[in-house]
Each structure stands twice: as C-alpha cells, then as structure tokens.
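Trainee: Contents of run-v9.json (JSON, C-alpha atoms) are given next:
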```
[["chain", "number", "residue", "atom", "x", "y", "z"],
["A", 1, "GLN", "CA", -4.99, 3.25, 18.99],
["A", 2, "VAL", "CA", -4.16, 3.55, 15.30],
["A", 3, "GLN", "CA", -3.66, 0.19, 13.64],
["A", 4, "LEU", "CA", -2.96, -0.75, 10.04],
["A", 5, "MET", "CA", -3.03, -4.40, 9.03],
["A", 6, "GLU", "CA", -2.00, -5.57, 5.57],
["A", 7, "SER", "CA", -2.98, -8.83, 3.91],
["A", 8, "GLY", "CA", -2.96, -10.41, 0.48],
["A", 9, "GLY", "CA", 0.73, -10.90, -0.20],
["A", 10, "GLY", "CA", 2.21, -14.10, -1.55],
["A", 11, "LEU", "CA", 4.16, -15.79, -4.30],
["A", 12, "VAL", "CA", 3.13, -15.07, -7.87],
["A", 13, "GLN", "CA", 4.63, -15.73, -11.28],
["A", 14, "PRO", "CA", 5.81, -12.89, -13.50],
["A", 15, "GLY", "CA", 2.86, -11.38, -15.32],
["A", 16, "GLY", "CA", 0.47, -12.39, -12.55],
["A", 17, "SER", "CA", -1.71, -10.31, -10.26],
["A", 18, "LEU", "CA", -2.23, -9.78, -6.55],
["A", 19, "ARG", "CA", -4.54, -7.58, -4.53],
["A", 20, "LEU", "CA", -3.30, -6.21, -1.25],
["A", 21, "SER", "CA", -5.62, -4.95, 1.46],
["A", 22, "CYS", "CA", -4.96, -2.73, 4.46],
["A", 23, "ALA", "CA", -7.57, -2.66, 7.20],
["A", 24, "ALA", "CA", -7.42, 0.45, 9.36],
["A", 25, "SER", "CA", -8.74, 1.20, 12.83],
["A", 26, "GLY", "CA", -8.40, 3.73, 15.60],
["A", 27, "PHE", "CA", -8.79, 6.92, 13.58],
["A", 28, "ILE", "CA", -11.22, 8.66, 11.23],
["A", 29, "PHE", "CA", -10.16, 6.79, 8.12],
["A", 30, "SER", "CA", -12.27, 8.81, 5.70],
["A", 31, "ARG", "CA", -10.39, 12.00, 6.54],
["A", 32, "HIS", "CA", -6.88, 10.73, 5.88],
["A", 33, "THR", "CA", -4.68, 10.18, 2.88],
["A", 34, "MET", "CA", -3.43, 6.60, 2.64],
["A", 35, "SER", "CA", -0.32, 5.26, 0.96],
["A", 36, "TRP", "CA", 1.43, 2.05, 0.04],
["A", 37, "TYR", "CA", 5.20, 1.74, 0.33],
["A", 38, "ARG", "CA", 7.51, -1.14, -0.41],
["A", 39, "GLN", "CA", 10.99, -2.20, 0.61],
["A", 40, "ALA", "CA", 13.07, -4.68, -1.32],
["A", 41, "PRO", "CA", 16.06, -6.46, 0.25],
["A", 42, "GLY", "CA", 19.03, -4.12, 0.51],
["A", 43, "LYS", "CA", 17.05, -1.13, -0.71],
["A", 44, "GLU", "CA", 15.39, 1.86, 0.91],
["A", 45, "ARG", "CA", 11.66, 1.95, 1.46],
["A", 46, "GLU", "CA", 9.94, 3.66, -1.47],
["A", 47, "LEU", "CA", 6.53, 5.19, -2.06],
["A", 48, "VAL", "CA", 4.39, 3.13, -4.41],
["A", 49, "ALA", "CA", 1.00, 4.85, -4.45],
["A", 50, "THR", "CA", -1.11, 7.40, -2.59],
["A", 51, "ILE", "CA", -4.82, 8.10, -2.46],
["A", 52, "THR", "CA", -6.48, 11.14, -0.93],
["A", 53, "SER", "CA", -9.17, 10.93, 1.73],
["A", 54, "GLY", "CA", -12.09, 10.98, -0.65],
["A", 55, "GLY", "CA", -10.40, 8.80, -3.20],
["A", 56, "VAL", "CA", -10.55, 11.45, -5.91],
["A", 57, "SER", "CA", -6.81, 11.89, -6.37],
["A", 58, "THR", "CA", -4.16, 9.21, -6.72],
["A", 59, "ASN", "CA", -0.43, 9.22, -7.42],
["A", 60, "TYR", "CA", 1.94, 6.45, -8.42],
["A", 61, "ALA", "CA", 5.62, 5.78, -8.64],
["A", 62, "ASP", "CA", 6.78, 5.77, -12.25],
["A", 63, "SER", "CA", 7.81, 2.14, -11.91],
["A", 64, "VAL", "CA", 4.23, 0.98, -11.27],
["A", 65, "LYS", "CA", 2.15, 3.39, -13.36],
["A", 66, "GLY", "CA", -0.27, 1.58, -15.60],
["A", 67, "ARG", "CA", 0.14, -1.68, -13.66],
["A", 68, "PHE", "CA", -0.93, -0.88, -10.09],
["A", 69, "THR", "CA", -4.17, 0.71, -8.90],
["A", 70, "ILE", "CA", -4.79, 2.10, -5.43],
["A", 71, "SER", "CA", -8.35, 2.38, -4.18],
["A", 72, "ARG", "CA", -10.25, 2.67, -0.92],
["A", 73, "ASP", "CA", -13.55, 1.82, 0.70],
["A", 74, "ASN", "CA", -14.17, 4.35, 3.45],
["A", 75, "ALA", "CA", -17.17, 2.42, 4.76],
["A", 76, "LYS", "CA", -14.94, -0.62, 5.31],
["A", 77, "MET", "CA", -11.95, 1.48, 6.43],
["A", 78, "THR", "CA", -9.80, -0.38, 3.95],
["A", 79, "VAL", "CA", -7.32, 0.64, 1.28],
["A", 80, "TYR", "CA", -6.37, -1.67, -1.58],
["A", 81, "LEU", "CA", -3.53, -2.09, -4.01],
["A", 82, "GLN", "CA", -4.36, -4.01, -7.16],
["A", 83, "MET", "CA", -1.12, -5.16, -8.76],
["A", 84, "ASN", "CA", -1.17, -6.45, -12.33],
["A", 85, "SER", "CA", 1.57, -7.49, -14.75],
["A", 86, "LEU", "CA", 3.87, -8.16, -11.85],
["A", 87, "LYS", "CA", 7.61, -8.25, -12.44],
["A", 88, "PRO", "CA", 10.42, -9.82, -10.41],
["A", 89, "GLU", "CA", 11.55, -6.31, -9.46],
["A", 90, "ASP", "CA", 8.22, -5.82, -7.68],
["A", 91, "THR", "CA", 9.38, -8.32, -5.07],
["A", 92, "ALA", "CA", 9.36, -6.54, -1.71],
["A", 93, "VAL", "CA", 7.60, -6.18, 1.60],
["A", 94, "TYR", "CA", 4.62, -3.88, 1.06],
["A", 95, "TYR", "CA", 3.54, -1.52, 3.83],
["A", 96, "CYS", "CA", 0.42, 0.50, 4.42],
["A", 97, "TYR", "CA", 1.02, 4.03, 5.74],
["A", 98, "SER", "CA", -0.83, 7.02, 7.05],
["A", 99, "GLN", "CA", -0.07, 10.13, 9.03],
["A", 100, "VAL", "CA", -2.54, 10.86, 11.82],
["A", 101, "ILE", "CA", -2.25, 14.01, 13.94],
["A", 102, "LEU", "CA", 1.34, 14.50, 12.70],
["A", 103, "ARG", "CA", 2.39, 10.97, 13.69],
["A", 104, "LYS", "CA", 3.44, 8.37, 11.15],
["A", 105, "TYR", "CA", 1.87, 4.94, 11.28],
["A", 106, "TRP", "CA", 2.93, 1.79, 9.45],
["A", 107, "GLY", "CA", 1.44, -1.65, 9.13],
["A", 108, "GLN", "CA", 3.51, -4.76, 9.79],
["A", 109, "GLY", "CA", 3.99, -5.38, 6.07],
["A", 110, "THR", "CA", 3.09, -8.19, 3.70],
["A", 111, "GLN", "CA", 5.60, -10.03, 1.53],
["A", 112, "VAL", "CA", 5.15, -10.07, -2.24],
["A", 113, "THR", "CA", 7.44, -12.36, -4.19],
["A", 114, "VAL", "CA", 7.36, -12.44, -7.98],
["A", 115, "SER", "CA", 9.23, -15.45, -9.29],
["A", 116, "SER", "CA", 8.87, -18.32, -11.70]]
```
Represent the structure contained in this file as structure tokens.

Mentor:
Amino acid sequence: QVQLMESGGGLVQPGGSLRLSCAASGFIFSRHTMSWYRQAPGKERELVATITSGGVSTNYADSVKGRFTISRDNAKMTVYLQMNSLKPEDTAVYYCYSQVILRKYWGQGTQVTVSS
C-alpha cells in the first residue's frame, strides 16, 4: 500500500537550517507530483511546496520563497525539503503528501520547532 514517511525534523535556532526527507513506497513515485504541507498549532494545514513528477517544475508558498527548496530523487523514491533561514513562524508539523489514483495520502508528519 501507499506509504509516506517523513524524517529530519527537530529543534533549530532562528536562522538555522534543516533538511526534511520523505521516503515513499507502494506506488510509481516517478509519475506523481509530491508536496510538503505544514500545520502550526491552532492553524489550518497549508501548502508549502510542490514538485512535479520529473522535478522540472516547483512551486512555493510566498512565505517560504527564497528560503526553502523542494527536490526529489526518483531512484530513491524520496522527496526533500531544504529549509534555510528558518524563522519562529516556520514552527509546525510538516507533512509529505501525494495523490495516487484520486486518493490523498499523507505521511505521519515530522515536528519542526524554531526557537532560541
């Protein structure tokens, strides 16, 4: 079955960096768009970044443009989110997402906390 498993979250100081990974299984990864979402306490889940199947096209939320980079390795069936210049407002649970055969799939999430 489809599985998405995030890793790489943690506690980081403002201005620091983290790299999130999402390992996928159970579907033809190279044919599917992948996304990262995040949800902060008391807020709705929001789209952070998206990358198309071949990795040619990416899109970002305005709040992370120029700081975050989404990428993928289709051979490893993994999507990444490089997060630089982190701010306290980036604190959230980050989720990996894909839609496979019209069904939505989410990972379990990884906590990112930006605090001094």

Trainee: Using all atoms listed in the file, which of A:Ser21, A:Gln99, A:Val56, A:Ser63 sits nearest Gly8 (chain A)?

Mentor: A:Ser21

Trainee: Please measure the separation of CA of Leu18 (chain A) and CA of Tyr37 (chain A), giving the value in Å to one decimal.

Mentor: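 Between CA of Leu18 (chain A) and CA of Tyr37 (chain A) the gap is 15.3 Å.
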
Trainee: Can you pull out the residues contacting Arg103 (chain A)? Cut-off 12 Å, using all atoms listed in the file, and skip same-chain residues under 3 positions away; I want them as a PyMOL selection string.

Mentor: chain A and resi 1-2+27+97-100+106

Trainee: Considering only C-alpha atoms, state which residue in the set A:Val79, A:Ala40, A:Leu4, A:Ala61 is at the smallest distance from Val114 (chain A).

Mentor: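 Among the listed residues, the smallest separation from Val114 (chain A) belongs to A:Ala40.
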
Trainee: How many Å lie between CA of Gln111 (chain A) and CA of Asn59 (chain A), rounded to one decimal?

Mentor: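 Here the two named atoms are 22.1 Å from each other.
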
Trainee: Using only C-alpha atoms, can you list as a list in words the residues within 7 Å of (-10.1, 6.6, 6.5)?

Mentor: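 Within the cut-off we find Ile28, Phe29, Ser30, Arg31, His32, Ser53, Asn74 and Met77 of chain A.
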
Trainee: Kindly give the distance, in Å, that separates CA of Lys76 (chain A) and CA of Ser35 (chain A), rounded to a single decimal.

Mentor: 16.3 Å

Trainee: Closest to Gly55 (chain A) among A:Arg72, A:Arg19, A:Lys87, A:Lys43, using all atoms listed in the file?

Mentor: A:Arg72

Trainee: Looking at A:Thr91, A:Thr113, A:Thr52, A:Ser25, which one is nearest to Ala75 (chain A), with distances taken over only C-alpha atoms?

Mentor: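 The shortest atom-to-atom distance to Ala75 (chain A) comes from A:Ser25.
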
Trainee: For Gly107 (chain A), which residue among A:Leu11, A:Met34, A:Gln82, A:Phe68 is the nearest when counting all atoms listed in the file?

Mentor: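 Among A:Leu11, A:Met34, A:Gln82, A:Phe68, it is A:Met34 that comes nearest to Gly107 (chain A).
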
Trainee: So which residues touch Thr110 (chain A) within 7 Å, counting only C-alpha atoms, skipping near sequence neighbours fewer than 5 positions away, as a PyMOL selection string?

Mentor: chain A and resi 6-7+9+93-95

Trainee: Would you save the residues from that selection as a PDB file, in the coordinates of the input, using C-alpha atoms?

Mentor:
```pdb
ATOM      1  CA  GLU A   6      -2.000  -5.570   5.570  1.00  0.00           C
ATOM      2  CA  SER A   7      -2.980  -8.830   3.910  1.00  0.00           C
ATOM      3  CA  GLY A   9       0.730 -10.900  -0.200  1.00  0.00           C
ATOM      4  CA  VAL A  93       7.600  -6.180   1.600  1.00  0.00           C
ATOM      5  CA  TYR A  94       4.620  -3.880   1.060  1.00  0.00           C
ATOM      6  CA  TYR A  95       3.540  -1.520   3.830  1.00  0.00           C
TER       7      TYR A  95
END
```

Trainee: Looking at all atoms listed in the file, which of A:Trp36, A:Gln13, A:Gly109, A:Met5 is the one that sits closest to Ser71 (chain A)?

Mentor: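 Of A:Trp36, A:Gln13, A:Gly109, A:Met5, the one nearest Ser71 (chain A), counting all atoms listed in the file, is A:Trp36.
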
Trainee: Please complete region 35-51 of chain A so it has N, CA and C atoms, and hand it over as a PDB file, keeping the file's coordinate frame.

Mentor:
```
ATOM      1  N   SER A  35      -1.375   5.575   1.923  1.00  0.00           N
ATOM      2  CA  SER A  35      -0.320   5.260   0.960  1.00  0.00           C
ATOM      3  C   SER A  35       0.132   3.809   1.110  1.00  0.00           C
ATOM      4  N   TRP A  36       0.707   3.320   0.035  1.00  0.00           N
ATOM      5  CA  TRP A  36       1.430   2.050   0.040  1.00  0.00           C
ATOM      6  C   TRP A  36       2.892   2.330  -0.253  1.00  0.00           C
ATOM      7  N   TYR A  37       3.756   1.705   0.531  1.00  0.00           N
ATOM      8  CA  TYR A  37       5.200   1.740   0.330  1.00  0.00           C
ATOM      9  C   TYR A  37       5.678   0.308   0.136  1.00  0.00           C
ATOM     10  N   ARG A  38       6.907   0.183  -0.349  1.00  0.00           N
ATOM     11  CA  ARG A  38       7.510  -1.140  -0.410  1.00  0.00           C
ATOM     12  C   ARG A  38       9.004  -1.032  -0.135  1.00  0.00           C
ATOM     13  N   GLN A  39       9.553  -2.148   0.335  1.00  0.00           N
ATOM     14  CA  GLN A  39      10.990  -2.200   0.610  1.00  0.00           C
ATOM     15  C   GLN A  39      11.523  -3.545   0.154  1.00  0.00           C
ATOM     16  N   ALA A  40      12.418  -3.479  -0.819  1.00  0.00           N
ATOM     17  CA  ALA A  40      13.070  -4.680  -1.320  1.00  0.00           C
ATOM     18  C   ALA A  40      14.348  -4.928  -0.522  1.00  0.00           C
ATOM     19  N   PRO A  41      14.838  -6.155  -0.503  1.00  0.00           N
ATOM     20  CA  PRO A  41      16.060  -6.460   0.250  1.00  0.00           C
ATOM     21  C   PRO A  41      17.224  -5.577  -0.178  1.00  0.00           C
ATOM     22  N   GLY A  42      17.876  -4.955   0.791  1.00  0.00           N
ATOM     23  CA  GLY A  42      19.030  -4.120   0.510  1.00  0.00           C
ATOM     24  C   GLY A  42      18.721  -2.765  -0.058  1.00  0.00           C
ATOM     25  N   LYS A  43      17.438  -2.416  -0.140  1.00  0.00           N
ATOM     26  CA  LYS A  43      17.050  -1.130  -0.710  1.00  0.00           C
ATOM     27  C   LYS A  43      16.255  -0.317   0.308  1.00  0.00           C
ATOM     28  N   GLU A  44      16.166   0.989   0.044  1.00  0.00           N
ATOM     29  CA  GLU A  44      15.390   1.860   0.910  1.00  0.00           C
ATOM     30  C   GLU A  44      13.888   1.673   0.633  1.00  0.00           C
ATOM     31  N   ARG A  45      13.101   1.990   1.635  1.00  0.00           N
ATOM     32  CA  ARG A  45      11.660   1.950   1.460  1.00  0.00           C
ATOM     33  C   ARG A  45      11.249   3.038   0.472  1.00  0.00           C
ATOM     34  N   GLU A  46      10.358   2.701  -0.457  1.00  0.00           N
ATOM     35  CA  GLU A  46       9.940   3.660  -1.470  1.00  0.00           C
ATOM     36  C   GLU A  46       8.428   3.758  -1.537  1.00  0.00           C
ATOM     37  N   LEU A  47       7.960   4.951  -1.906  1.00  0.00           N
ATOM     38  CA  LEU A  47       6.530   5.190  -2.060  1.00  0.00           C
ATOM     39  C   LEU A  47       6.047   4.548  -3.349  1.00  0.00           C
ATOM     40  N   VAL A  48       4.967   3.796  -3.249  1.00  0.00           N
ATOM     41  CA  VAL A  48       4.390   3.130  -4.410  1.00  0.00           C
ATOM     42  C   VAL A  48       3.176   3.886  -4.930  1.00  0.00           C
ATOM     43  N   ALA A  49       2.243   4.200  -4.025  1.00  0.00           N
ATOM     44  CA  ALA A  49       1.000   4.850  -4.450  1.00  0.00           C
ATOM     45  C   ALA A  49       0.354   5.561  -3.277  1.00  0.00           C
ATOM     46  N   THR A  50      -0.404   6.613  -3.592  1.00  0.00           N
ATOM     47  CA  THR A  50      -1.110   7.400  -2.590  1.00  0.00           C
ATOM     48  C   THR A  50      -2.502   7.701  -3.071  1.00  0.00           C
ATOM     49  N   ILE A  51      -3.447   7.732  -2.128  1.00  0.00           N
ATOM     50  CA  ILE A  51      -4.820   8.100  -2.460  1.00  0.00           C
ATOM     51  C   ILE A  51      -5.329   9.070  -1.403  1.00  0.00           C
TER      52      ILE A  51
END
```
